[in-house]
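Chemist: Supplied in structure tokens, the structure appears directly below.
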Amino acid sequence: MARLSVNGQSHDVDVEPDTPLLWVLRDAIGLTGTKYGCGIAQCGACTVHLDGTAVRSCSVPVSFADGKQITTIEGLAQNGTLHKVQKAWIEHDVPQCGYCQSGMIMAVAALLKNKPKPTDADIDNEITNICRCGTYQQVRAAIHSAANA
Amino acid sequence: MYSTPDMNRRSFVVGAAAVGSGLALGFELPFGPGVANAQVGGPEVNAWVVVKPDETVVVRIARSEMGQGTLTGLAQMVAEELECDWSKVTYEFPTAGQNVARKRIWGDFFTAGSRGIRESNDFVRKGGAAARMMLVQAAANEWKVSAAECTAENGVITHKASNHSITFGKVADAAAKVEPPQEIKLKDAKDWKILGKGVKRLDTPDKVIGKAVYGIDVRMPGMLYAAIKACPVNGGKLASFDAARVSNNKGVKKVVQVEDYAVAVIADNWWRAKTALDALPVVWDEGENAKVTSESIAAWLREGLDAEQAFVGNKGGDVKAALAGAARKIEAVYAYPYQHHVTLEPQNAVARYADDKCEVWCSTQNGEAALATVSEACGLPIPKCEAYKTFLGGGFGRRSTSQDYIRQAVMIAKQMPGTPIKLVWTREEDMAHGWYHPITQCRLTAGLDKDNNLNALHVRISGQSILAKVRPAALQDGRDPATFSGFYPGGAEATLGYSVPNILVDHSMRNPHINPGFWRGVNINHNAIYLECFMDELAKEAGVDPLEFRRKLMAQHPKHLAVLNAVAAKAGWGTPAPQGVHRGLAQCMAFGSYVAACAEVSVDGNKVKVHRIVGATDPGYAVNPAQIERQIAGSFVYGLTALFMGECTVKAGRIEQQNFDTYDMMRIAQMPKVEAIVMPSGGFWGGVGEPTIAVAAPAVLNAITAATGKRYRTFPLKHHGLSLA
């Protein structure tokens with residue numbers, strides 16, 4: 001049994017301590033906005049924030065999240081107002097299939113927290129999420145847009 | 001004349017026709033928006049349009065949305081003819097079962113081959129127009145005036161003479177009772193206000209907040225989870241497994257055999273199912289296919305380059321004689337590997353089986369094929385089955401003709417009647433059991449006359465046929481016409497853009513045991529590489545600029561030429577490129593559209609930097625230019641990932657690559673600047689999702705050769721030490 005704080009709410013979950021956080025969020029808590037893509041921390045579709053830091057939840061055991069504030073895509077908007085990254089995503093109509101975009105948005109939100117005005121080189125170095133639809137051109141434009149919002 | 005085969009008619013349609021009407025409608029669905037009962041929330045004006053009392057217009061979308069934007073494009077079509085307020089438009093997906101019950105009123109659900117819009121535009125627009133006419137008639141009836149004197153605009157019907165006006169929502173009830181019109185006239189393209197405009201996608205808001213529901217996200221009360229492992233060698237069998245070793249694991253409910261080739265563990269969460277499956281001792285009977293390797297396949301295909309017998313795809317003049325008499329003969333051999341779709345959402349489905357009903361919730365490119373699969377797998381007739389479609393986390397062809405994951409989910413659910421079960425493949429399972437981009441080799445032999453004109457061309461393709469595996473009934477006396485994509489002598493699908501007096505394009509079919517499947521672009525991808533790289537090779541031999549060499553052969557192909565000229569002009573072909581930057585061109589026709597690209601690259605040691613690609617498409621009509629631009633850019637990412645990194649190799653009969661650590665993908669850092677030219681010339685409907693993928697690779701390859709002097713003919717380029725910077 002573990003107690004998790006997700007998007008400001010407390011959840012008691014019946015899982016083994018080595019269960020990846022991703023599957024606890026999806027199956028035990030029912031927050032399916034966080035996606036499974038590879039299970040080996042390569043694609044980033046499962047990106048969430050742990051105490052504000054972006055992590056790939058497929059490779060984080062739930063025990064590691066104990067006592068930390070977890071934020072998922074469902075909790076990124078505050079008080080009914082979309083995060084500036086989400087707004088920029090709508091402005092640039094970024095998603096295609098959209099499956100990677102929860103993780104992409106969470107990764108970008110964390111990037112902007114640390115580097116409010118990222119350069120193209122910063123984006124290249126720090127946004128390594130895979131998008132099979134190839135939305136990268138729109139992603140880059142939307143990141144700059146969000147940074148200037 | 002050639003065309004790609006008709007892939008619309010599936011075997012179950014016979015059964016579907018027999019079912020006819022009379023099936024009770026009304027499905028209560030356990031999850032969110034996007035799918036709804038035929039009458040939920042407001043009256044249905046007709047099958048395509050529901051107008052709610054609050055003026056919300058719900059447009060029914062039969063085709064699947066997997067990122068390509070078809071959902072929004074089809075809604076634009078209905079809205080254009082409906083004359084509604086675009087800001088009030090939303091959507092829902094009718095189910096395959098509803099379609100059968102209503103005598104296929106929404107037509108085909110198949111979403112592949114870039115056909116979603118081009119093949120349904122006529123009846124979808126008519127659906128919107130008919131609804132408008134019924135709404136107008138209802139208003140006219142109320143006012144006791146002639147419908148011909150009324151106009152509809154922005155969701156409001158007006159009768160000027162009597163100063164009456166009323167909104168759609170207020171007459172929707174009455175409109176539903178109006179006799180549908182017999183004659184429907186569609187608007188001229190020049191009058192479009194919503195169609196042809198780059199309106200925003202309807203699905204974006206839900207996709208930025210994690211609300212969009214994909215197959216893998218479906219949840220139901222009492223649902224259990226399954227993980228599966230199939231014999232790693234295609235065609236191999238399950239010999240035995242020791243269920244007792246894991247059946248007492250926490251949360252494990254059951255260990256089940258799935259047909260004769262797979263085993264699955266059912267548990268109360270997916271991680272427990274997957275962990276138990278990993279620990280389950282399994283013995284496979286791998287069979288003869290376990291002897292196959294990439295080398296043995298390559299050797300078999302190499303023989304095909306010289307085989308006496310081959311299917312003919314395009315023939316004109318006398319190639320043999322012309323080559324024999326050529327002033328110069330030039331030959332090159334290319335090869336293209338197996339590649340995986342890697343939809344980011346691994347295959348999955350939720351199935352619930354009860355004695356008298358079987359349902360699935362799934363990501364599929366063909367809701368009707370999913371329904372047929374359910375029926376075949378569970379043994380119940382179509383009216384007792386249903387397939388609910390969700391958003392797809394990528395399709396690219398993987399979820400089109402192959403509904404194998406749905407069949408498995410049903411086979412598992414059948415062993416726990418009454419309990420909904422969500423089957424999710426691991427990425428490793430997904431990589432091992434794909435329907436791969438087929439493998440081919442190609443020898444091109446050209447004859448130049450004494451003036452360096454291309455007088456003879458023999459293109460011999462050796463390798464795998466997709467149709468022979470996924471739809472043998474579509475073969476034409478054994479011949480797979482799709483193999484010749486881009487080489488067709490005529491038709492509206494994928495014609496050759498060059499006139500060559502003596503030509504032969506033929507195919508020696510060789511089908512290894514690895515499953516081939518439709519794959520974004522698929523046959524046109526390797527065919528365009530073969531032909532467009534070879535054209536550059538010929539231009540070099542002839543000592544002529546590659547653009548000029550092509551232009552001489554394209555006088556009879558003005559639409560092919562127009563897109564090529566467009567990219568050349570915008571990219572600055574013939575003018576100096578930046579220091580160290582080199583250009584390459586490619587063009588082709590595919591899926592009814594004319595496409596071209598001009599790439600700019602620089603090469604530093606083993607690092608290839610693709611700086612910029614100018615891409616052009618003439619799809620006849622451009623339903624949403626903003627989304628077409630995104631499809632062009634996205635298709636280039638898919639095409640360049642394939643060119644530099646994409647290969648599935650075969651060892652001991654199985655695919656070796658298991659996850660992204662051995663099957664890499666382009667990232668944002670490698671993204672070139674893509675400049676799109678959308679140049680619809682009117683008069684035809686071409687596809688958008690796929691065609692441009694085919695020109696990315698040959699344009700970049702030609703630019704690499706311009707930069708280095710080296711010609712690469714086997715792929716991916718990582719085998720030559722090259723990687724994307």
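How things are named: the first chain in the structure tokens is A, the next is B, and so on; residues count from 1 in each chain; ligands count from 1 in the order shown.
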Quick one: pick out all strand (DSSP E) residues within stretch 2-113 of chain A from a backbone DSSP run and write them as an mmCIF file with N, CA and C atoms, in the first residue's frame.
Modeler:
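As written to disk, out.cif reads:
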```cif
data_model
loop_
_atom_site.group_PDB
_atom_site.id
_atom_site.type_symbol
_atom_site.label_atom_id
_atom_site.label_comp_id
_atom_site.auth_asym_id
_atom_site.auth_seq_id
_atom_site.Cartn_x
_atom_site.Cartn_y
_atom_site.Cartn_z
ATOM 1 N N ALA A 2 0.528 2.179 -0.846
ATOM 2 C CA ALA A 2 1.280 3.437 -0.880
ATOM 3 C C ALA A 2 0.296 4.592 -0.872
ATOM 4 N N ARG A 3 0.747 5.724 -0.343
ATOM 5 C CA ARG A 3 -0.077 6.937 -0.368
ATOM 6 C C ARG A 3 0.603 7.945 -1.283
ATOM 7 N N LEU A 4 -0.121 8.390 -2.274
ATOM 8 C CA LEU A 4 0.445 9.316 -3.252
ATOM 9 C C LEU A 4 -0.331 10.621 -3.271
ATOM 10 N N SER A 5 0.394 11.694 -3.545
ATOM 11 C CA SER A 5 -0.252 12.992 -3.726
ATOM 12 C C SER A 5 -0.183 13.368 -5.205
ATOM 13 N N VAL A 6 -1.332 13.306 -5.843
ATOM 14 C CA VAL A 6 -1.380 13.548 -7.285
ATOM 15 C C VAL A 6 -2.310 14.712 -7.575
ATOM 16 N N GLN A 9 -4.326 15.876 -4.749
ATOM 17 C CA GLN A 9 -5.226 14.955 -4.056
ATOM 18 C C GLN A 9 -4.452 13.742 -3.549
ATOM 19 N N SER A 10 -4.872 13.235 -2.435
ATOM 20 C CA SER A 10 -4.205 12.087 -1.840
ATOM 21 C C SER A 10 -4.880 10.785 -2.285
ATOM 22 N N HIS A 11 -4.069 9.794 -2.625
ATOM 23 C CA HIS A 11 -4.601 8.498 -3.075
ATOM 24 C C HIS A 11 -3.887 7.367 -2.342
ATOM 25 N N ASP A 12 -4.658 6.436 -1.819
ATOM 26 C CA ASP A 12 -4.075 5.203 -1.278
ATOM 27 C C ASP A 12 -4.194 4.119 -2.338
ATOM 28 N N VAL A 13 -3.066 3.517 -2.667
ATOM 29 C CA VAL A 13 -3.094 2.530 -3.754
ATOM 30 C C VAL A 13 -2.474 1.213 -3.302
ATOM 31 N N THR A 47 5.842 11.359 -19.325
ATOM 32 C CA THR A 47 6.443 12.405 -18.491
ATOM 33 C C THR A 47 5.435 13.052 -17.544
ATOM 34 N N VAL A 48 5.803 13.097 -16.257
ATOM 35 C CA VAL A 48 5.020 13.823 -15.238
ATOM 36 C C VAL A 48 6.008 14.653 -14.410
ATOM 37 N N HIS A 49 5.487 15.458 -13.516
ATOM 38 C CA HIS A 49 6.360 16.233 -12.632
ATOM 39 C C HIS A 49 6.365 15.618 -11.240
ATOM 40 N N LEU A 50 7.570 15.474 -10.692
ATOM 41 C CA LEU A 50 7.735 15.092 -9.290
ATOM 42 C C LEU A 50 8.345 16.290 -8.594
ATOM 43 N N THR A 53 9.803 18.644 -11.061
ATOM 44 C CA THR A 53 10.824 18.176 -11.999
ATOM 45 C C THR A 53 10.229 17.137 -12.939
ATOM 46 N N ALA A 54 10.556 17.248 -14.233
ATOM 47 C CA ALA A 54 10.027 16.279 -15.194
ATOM 48 C C ALA A 54 10.723 14.935 -15.021
ATOM 49 N N VAL A 55 9.911 13.874 -14.915
ATOM 50 C CA VAL A 55 10.472 12.514 -14.852
ATOM 51 C C VAL A 55 9.678 11.617 -15.802
ATOM 52 N N ARG A 56 10.312 10.545 -16.210
ATOM 53 C CA ARG A 56 9.630 9.570 -17.076
ATOM 54 C C ARG A 56 9.060 8.487 -16.167
ATOM 55 N N GLN A 69 5.161 15.656 -4.442
ATOM 56 C CA GLN A 69 3.989 16.161 -5.154
ATOM 57 C C GLN A 69 4.067 15.718 -6.611
ATOM 58 N N ILE A 70 3.082 14.964 -7.036
ATOM 59 C CA ILE A 70 3.047 14.491 -8.423
ATOM 60 C C ILE A 70 2.061 15.357 -9.196
ATOM 61 N N THR A 71 2.508 15.827 -10.362
ATOM 62 C CA THR A 71 1.595 16.560 -11.244
ATOM 63 C C THR A 71 1.528 15.846 -12.586
#
```
Chemist: Give me the residues within 8 Å of stretch 116-130 of chain A as a PyMOL selection string, counting only C-alpha atoms and dropping any in the same chain fewer than 5 places off.
Modeler: (chain A and resi 42-45+100+103-104+107-108+111+140+144+147-148) or (chain B and resi 665-669)
Chemist: Pull C-alpha atoms from the residues just selected and write them as a tab-separated table (two decimals), in the first residue's frame.
Modeler:
```tsv
chain	number	residue	atom	x	y	z
A	42	GLN	CA	13.19	6.61	-24.13
A	43	CYS	CA	10.06	8.17	-25.63
A	44	GLY	CA	8.85	10.49	-22.88
A	45	ALA	CA	5.13	9.87	-23.43
A	100	CYS	CA	2.86	11.90	-27.19
A	103	GLY	CA	4.40	13.99	-22.13
A	104	MET	CA	5.68	16.63	-24.50
A	107	ALA	CA	8.47	18.19	-20.48
A	108	VAL	CA	8.15	21.68	-21.96
A	111	LEU	CA	11.82	23.28	-19.22
A	140	ARG	CA	9.32	24.43	-31.38
A	144	HIS	CA	8.85	30.02	-28.13
A	147	ALA	CA	8.08	31.50	-23.42
A	148	ASN	CA	6.97	34.90	-24.67
B	665	MET	CA	13.60	7.83	-33.94
B	666	MET	CA	14.23	11.39	-35.06
B	667	ARG	CA	14.00	13.96	-32.28
B	668	ILE	CA	13.29	17.68	-32.40
B	669	ALA	CA	17.01	18.50	-32.58
```
Chemist: A:Ser57, A:Val139, A:Gln96, A:Ala28: which is nearest A:Ala41, counting only C-alpha atoms?
Modeler: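 Result for the nearest residue to A:Ala41: A:Ser57.
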Chemist: Could you please determine the separation between atom CA of A:Leu82 and atom CA of B:Ile209 in Å, to one decimal place?
Modeler: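 Separation between atom CA of A:Leu82 and atom CA of B:Ile209: 8.4 Å.
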Chemist: Just need the residues of chain B within 8 Å of chain A, counting only C-alpha atoms, so spit them out as a VMD selection string.
Modeler: chain B and resid 65 to 69 200 to 201 204 to 205 207 to 212 217 219 269 to 271 342 to 346 391 to 394 426 to 427 630 633 to 638 659 to 661 665 to 669 671 673 to 674
Chemist: I'd like the contact shell of stretch 709-717 of chain B - 12 Å cut-off, only C-alpha atoms, skipping same-chain residues fewer than 4 positions apart - returned as a VMD selection string.
Modeler: chain B and resid 298 331 to 339 439 to 444 526 529 to 534 536 to 537 540 582 603 606 to 608 639 to 649 663 to 664 697 to 698 700 to 705 721 to 724
Chemist: Please identify all polymer residues within 7 Å of stretch 480-489 of chain B, counting only C-alpha atoms, omitting same-chain residues fewer than 4 positions from it, and present them as a CSV table (one decimal) with C-alpha atoms, in the first residue's frame.
Modeler:
```csv
chain,number,residue,atom,x,y,z
B,1,MET,CA,-4.4,1.0,-66.9
B,2,TYR,CA,-3.7,0.4,-63.2
B,4,THR,CA,-4.6,0.4,-56.5
B,313,GLY,CA,3.5,-3.2,-64.1
B,314,ASN,CA,4.3,-0.8,-67.0
B,465,SER,CA,3.9,-8.2,-51.8
B,467,LEU,CA,-1.6,-7.8,-50.8
B,475,LEU,CA,-4.2,-9.9,-56.6
B,476,GLN,CA,-4.7,-9.8,-60.4
B,494,ALA,CA,0.2,7.1,-58.8
B,495,THR,CA,1.4,7.6,-62.4
B,496,LEU,CA,5.0,7.7,-63.6
B,523,ASN,CA,5.5,1.0,-51.9
B,524,ILE,CA,5.9,4.5,-53.1
B,527,ASN,CA,9.9,3.1,-55.5
B,588,CYS,CA,6.4,11.6,-57.7
B,589,MET,CA,2.7,11.1,-57.7
B,590,ALA,CA,1.1,9.0,-55.1
```
Chemist: Quick one, how far is atom CA of B:Ala387 from atom CA of B:Ala369?
Modeler: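 Atom CA of B:Ala369 lies 9.1 Å from atom CA of B:Ala387.
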Chemist: In Å to one decimal, how far is atom CA of B:Ala351 from atom CA of B:Met416?
Modeler: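 These two atoms are separated by 10.3 Å.
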Chemist: For B:Pro680, which residue among B:Ala239, B:Ala694, B:Ala577, B:Val563 is the nearest when counting only C-alpha atoms?
Modeler: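 Among the listed residues, the smallest separation from B:Pro680 belongs to B:Val563.
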